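Visitor: Before I ask anything, here is the structure I am working with.
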Protein chains: 2
Amino acid sequence: MALELHPDVAVLAPLLGTWEGSGTGEYPTIDDFAYVESITFSHVGKPFVAYTQRTKHPDTGLPMHAEAGYLRVPRPGSIEIVMAQPTGLAEIYEGAVVGGDAPLVLDVRSTSINSTPTAKEVTVTERTISVTGDDLHYTFRMAAVGHSLRHHLSATLHRVRE
Amino acid sequence: MALELHPDVAVLAPLLGTWEGSGTGEYPTIDDFAYVESITFSHVGKPFVAYTQRTKHPDTGLPMHAEAGYLRVPRPGSIEIVMAQPTGLAEIYEGAVVGGDAPLVLDVRSTSINSTPTAKEVTVTERTISVTGDDLHYTFRMAAVGHSLRHHLSATLHRVRE
């Protein structure tokens, strides 16, 4: 598709493409773990960018986590993310986006997290995503199952397709 | 992928694959409209089925709507859906699933709808999805922008890939 990126989300252009890399995770309730990850940001010319993600176990290759969502820029400098997780969570994030000539940085915090009756309790999540050239790094912080907000995930990926 | 479908979601096997077809929409606040649609239900061997959807204008081919989510079966006969929409909505649905030897029917209603500050107000949504062989039909009802729950969308699709 040679569709032009919608001007409302032009600041997100550095995200577009498919990224591959690896990350590590930790939380008080679980053993530390590592994962390999594939992320795709895409668009169809409308004022949003679509996001999908999958992680796999680094040794067995078995699927671990997945999520899907959409990014919008309601006004310059602001960003909204809507996210669905197969663990039973539907999240809304709001935050700031800095781009232009600088590396792209998205810094968002959940404003609401809805969950199905069988989902684990997650009360707050924060994500920071930064892109410099073909390198993407993110961190993920979470307050869940009775623990306060703390570091959970960190990963570095490289763009493998535009 | 020759991964086996997770037994928790075995009842959803008739959904798997890619579906194409067309639908029509109506609501008091907008003109009636038609669309062509592509839906994919997929899995990675974990206890959920992933869902993505895209609609296009039947004449221009331009993208109209998209959404992505995950289906889970918390116990036999019940279904949960987590959905993200680029319009700024994050929805949780709960409802019933009937399958086995009969046609597959999913009947769900939103239990919570979270939205970004710029999203239109949607208070309740209901979806009914039925699959008979390679034919899928759904209806979508919605209470939004001050109107009570009423018919919004109806579409029929045919399975084009397993």
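Just remember, in the structure tokens the first chain shown is A, the second B, etc., residues are 1-based per chain, and ligands are 1-based in the order shown.
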Residues of chain A no more than 9 Å from chain B, counting only C-alpha atoms: send them over as an MDAnalysis selection string.

Guide: chainID A and resid 44:50 62:64 67:72 74 80:94 111:118

Visitor: Would you list the contacts of Val160 (chain A) as an MDAnalysis selection string, taking every protein, DNA or RNA residue within 9 Å and counting only C-alpha atoms, but skipping same-chain residues closer than 6 positions in sequence?

Guide: chainID A and resid 17:20 134

Visitor: What lies within 10 Å of Gly21 (chain A) using only C-alpha atoms, ignoring chain neighbours under 2 positions off, as a list in words?

Guide: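 The filter keeps Trp19, Gly23, Tyr35, Val36, Glu37, Ser38, Ile39, Thr55, Asp135, Leu136, His137, Ala155, Thr156, Leu157, His158, Arg159 and Val160 of chain A.
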
Visitor: Show me, as number ranges by chain, the residues that have an atom within 12 Å of Arg141 (chain B) when counting only C-alpha atoms, minus same-chain residues fewer than 4 positions from it.

Guide: B: 25-27, 107-110, 122-129, 147-154

Visitor: Once DSSP has gone over the backbone, tell me which residues of region 7-82 of chain B are in strand (DSSP E or B), as a ChimeraX atom specification.

Guide: /B:17-27,30-42,49-56,63-72,78-82

Visitor: Suppose we keep N, CA and C atoms; can you now write the selection as a tab-separated table (two decimals), in the first residue's frame?

Guide:
chain	number	residue	atom	x	y	z
B	17	GLY	N	-10.22	-18.90	10.27
B	17	GLY	CA	-10.02	-18.66	8.86
B	17	GLY	C	-10.25	-17.21	8.51
B	18	THR	N	-10.25	-16.93	7.23
B	18	THR	CA	-10.49	-15.58	6.72
B	18	THR	C	-11.81	-15.57	5.95
B	19	TRP	N	-12.58	-14.55	6.23
B	19	TRP	CA	-13.94	-14.43	5.69
B	19	TRP	C	-14.06	-13.13	4.91
B	20	GLU	N	-14.77	-13.18	3.80
B	20	GLU	CA	-15.02	-11.96	3.03
B	20	GLU	C	-16.50	-11.87	2.67
B	21	GLY	N	-17.00	-10.65	2.65
B	21	GLY	CA	-18.41	-10.46	2.32
B	21	GLY	C	-18.78	-9.01	2.36
B	22	SER	N	-20.06	-8.75	2.60
B	22	SER	CA	-20.53	-7.37	2.57
B	22	SER	C	-21.63	-7.17	3.61
B	23	GLY	N	-21.84	-5.91	3.95
B	23	GLY	CA	-22.84	-5.59	4.96
B	23	GLY	C	-23.45	-4.22	4.73
B	24	THR	N	-24.44	-3.93	5.56
B	24	THR	CA	-25.09	-2.63	5.51
B	24	THR	C	-25.22	-2.08	6.92
B	25	GLY	N	-25.27	-0.76	7.02
B	25	GLY	CA	-25.37	-0.12	8.32
B	25	GLY	C	-26.37	1.00	8.32
B	26	GLU	N	-26.91	1.25	9.50
B	26	GLU	CA	-27.87	2.35	9.64
B	26	GLU	C	-27.81	2.84	11.08
B	27	TYR	N	-28.11	4.10	11.28
B	27	TYR	CA	-28.24	4.66	12.62
B	27	TYR	C	-28.94	6.01	12.47
B	30	ILE	N	-26.86	9.03	11.07
B	30	ILE	CA	-26.08	8.97	9.84
B	30	ILE	C	-26.92	8.43	8.69
B	31	ASP	N	-26.45	8.63	7.48
B	31	ASP	CA	-27.09	8.03	6.30
B	31	ASP	C	-26.82	6.53	6.28
B	32	ASP	N	-27.77	5.77	5.74
B	32	ASP	CA	-27.54	4.34	5.54
B	32	ASP	C	-26.30	4.15	4.68
B	33	PHE	N	-25.59	3.04	4.90
B	33	PHE	CA	-24.37	2.82	4.14
B	33	PHE	C	-24.15	1.33	3.93
B	34	ALA	N	-23.29	1.03	2.94
B	34	ALA	CA	-22.93	-0.35	2.65
B	34	ALA	C	-21.41	-0.47	2.76
B	35	TYR	N	-20.94	-1.70	2.97
B	35	TYR	CA	-19.50	-1.90	3.07
B	35	TYR	C	-19.13	-3.31	2.64
B	36	VAL	N	-17.88	-3.47	2.22
B	36	VAL	CA	-17.32	-4.80	2.04
B	36	VAL	C	-16.36	-5.05	3.19
B	37	GLU	N	-16.26	-6.32	3.58
B	37	GLU	CA	-15.59	-6.62	4.84
B	37	GLU	C	-14.69	-7.85	4.73
B	38	SER	N	-13.60	-7.81	5.44
B	38	SER	CA	-12.73	-8.98	5.60
B	38	SER	C	-12.52	-9.21	7.09
B	39	ILE	N	-12.73	-10.44	7.53
B	39	ILE	CA	-12.57	-10.82	8.94
B	39	ILE	C	-11.62	-12.00	9.02
B	40	THR	N	-10.71	-11.98	9.98
B	40	THR	CA	-9.85	-13.15	10.22
B	40	THR	C	-9.93	-13.55	11.70
B	41	PHE	N	-10.20	-14.83	11.93
B	41	PHE	CA	-10.10	-15.43	13.26
B	41	PHE	C	-8.91	-16.38	13.22
B	42	SER	N	-7.97	-16.23	14.17
B	42	SER	CA	-6.77	-17.06	14.16
B	42	SER	C	-6.42	-17.48	15.58
B	49	VAL	N	-8.85	-16.95	20.90
B	49	VAL	CA	-8.89	-16.80	19.44
B	49	VAL	C	-8.76	-15.32	19.14
B	50	ALA	N	-7.85	-14.97	18.23
B	50	ALA	CA	-7.64	-13.56	17.86
B	50	ALA	C	-8.55	-13.19	16.70
B	51	TYR	N	-9.02	-11.95	16.74
B	51	TYR	CA	-9.98	-11.45	15.74
B	51	TYR	C	-9.48	-10.13	15.17
B	52	THR	N	-9.45	-10.01	13.86
B	52	THR	CA	-9.22	-8.71	13.23
B	52	THR	C	-10.23	-8.54	12.11
B	53	GLN	N	-10.53	-7.30	11.82
B	53	GLN	CA	-11.58	-7.00	10.86
B	53	GLN	C	-11.25	-5.70	10.17
B	54	ARG	N	-11.62	-5.61	8.90
B	54	ARG	CA	-11.50	-4.35	8.17
B	54	ARG	C	-12.66	-4.21	7.22
B	55	THR	N	-13.20	-3.00	7.11
B	55	THR	CA	-14.22	-2.75	6.10
B	55	THR	C	-13.74	-1.67	5.14
B	56	LYS	N	-14.26	-1.78	3.91
B	56	LYS	CA	-13.94	-0.80	2.87
B	56	LYS	C	-15.21	-0.32	2.22
B	63	PRO	N	-10.60	2.52	2.97
B	63	PRO	CA	-10.87	1.90	4.27
B	63	PRO	C	-11.93	2.66	5.05
B	64	MET	N	-12.80	1.92	5.74
B	64	MET	CA	-13.84	2.54	6.55
B	64	MET	C	-13.58	2.27	8.03
B	65	HIS	N	-13.81	1.04	8.47
B	65	HIS	CA	-13.67	0.74	9.89
B	65	HIS	C	-12.66	-0.39	10.06
B	66	ALA	N	-12.14	-0.52	11.27
B	66	ALA	CA	-11.28	-1.64	11.62
B	66	ALA	C	-11.46	-1.89	13.11
B	67	GLU	N	-11.23	-3.11	13.54
B	67	GLU	CA	-11.20	-3.39	14.97
B	67	GLU	C	-10.42	-4.68	15.19
B	68	ALA	N	-9.98	-4.88	16.42
B	68	ALA	CA	-9.18	-6.06	16.74
B	68	ALA	C	-9.49	-6.48	18.16
B	69	GLY	N	-9.48	-7.79	18.40
B	69	GLY	CA	-9.77	-8.26	19.74
B	69	GLY	C	-9.47	-9.72	19.93
B	70	TYR	N	-9.90	-10.21	21.07
B	70	TYR	CA	-9.62	-11.59	21.46
B	70	TYR	C	-10.86	-12.21	22.09
B	71	LEU	N	-11.09	-13.48	21.78
B	71	LEU	CA	-12.23	-14.23	22.32
B	71	LEU	C	-11.72	-15.31	23.27
B	72	ARG	N	-12.37	-15.43	24.40
B	72	ARG	CA	-12.03	-16.47	25.37
B	72	ARG	C	-13.30	-17.19	25.81
B	78	SER	N	-20.00	-20.17	27.82
B	78	SER	CA	-19.82	-18.74	28.02
B	78	SER	C	-18.70	-18.21	27.14
B	79	ILE	N	-18.79	-16.95	26.81
B	79	ILE	CA	-17.74	-16.33	26.01
B	79	ILE	C	-17.47	-14.92	26.49
B	80	GLU	N	-16.20	-14.53	26.43
B	80	GLU	CA	-15.75	-13.18	26.74
B	80	GLU	C	-15.03	-12.64	25.51
B	81	ILE	N	-15.25	-11.40	25.17
B	81	ILE	CA	-14.52	-10.76	24.07
B	81	ILE	C	-13.93	-9.45	24.58
B	82	VAL	N	-12.67	-9.21	24.24
B	82	VAL	CA	-12.00	-7.95	24.53
B	82	VAL	C	-11.71	-7.30	23.18

Visitor: Given the choices B:Pro76, B:Thr29, B:Asp59, B:Glu121, which gets closest to Val9 (chain B) if the distance is worked out from only C-alpha atoms?

Guide: B:Pro76

Visitor: Considering only C-alpha atoms, can you say which of B:Glu4, B:Lys120, B:Ala13, B:Gly146 comes closest to Val105 (chain B)?

Guide: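 Counting only C-alpha atoms, the residue closest to Val105 (chain B) is B:Ala13.
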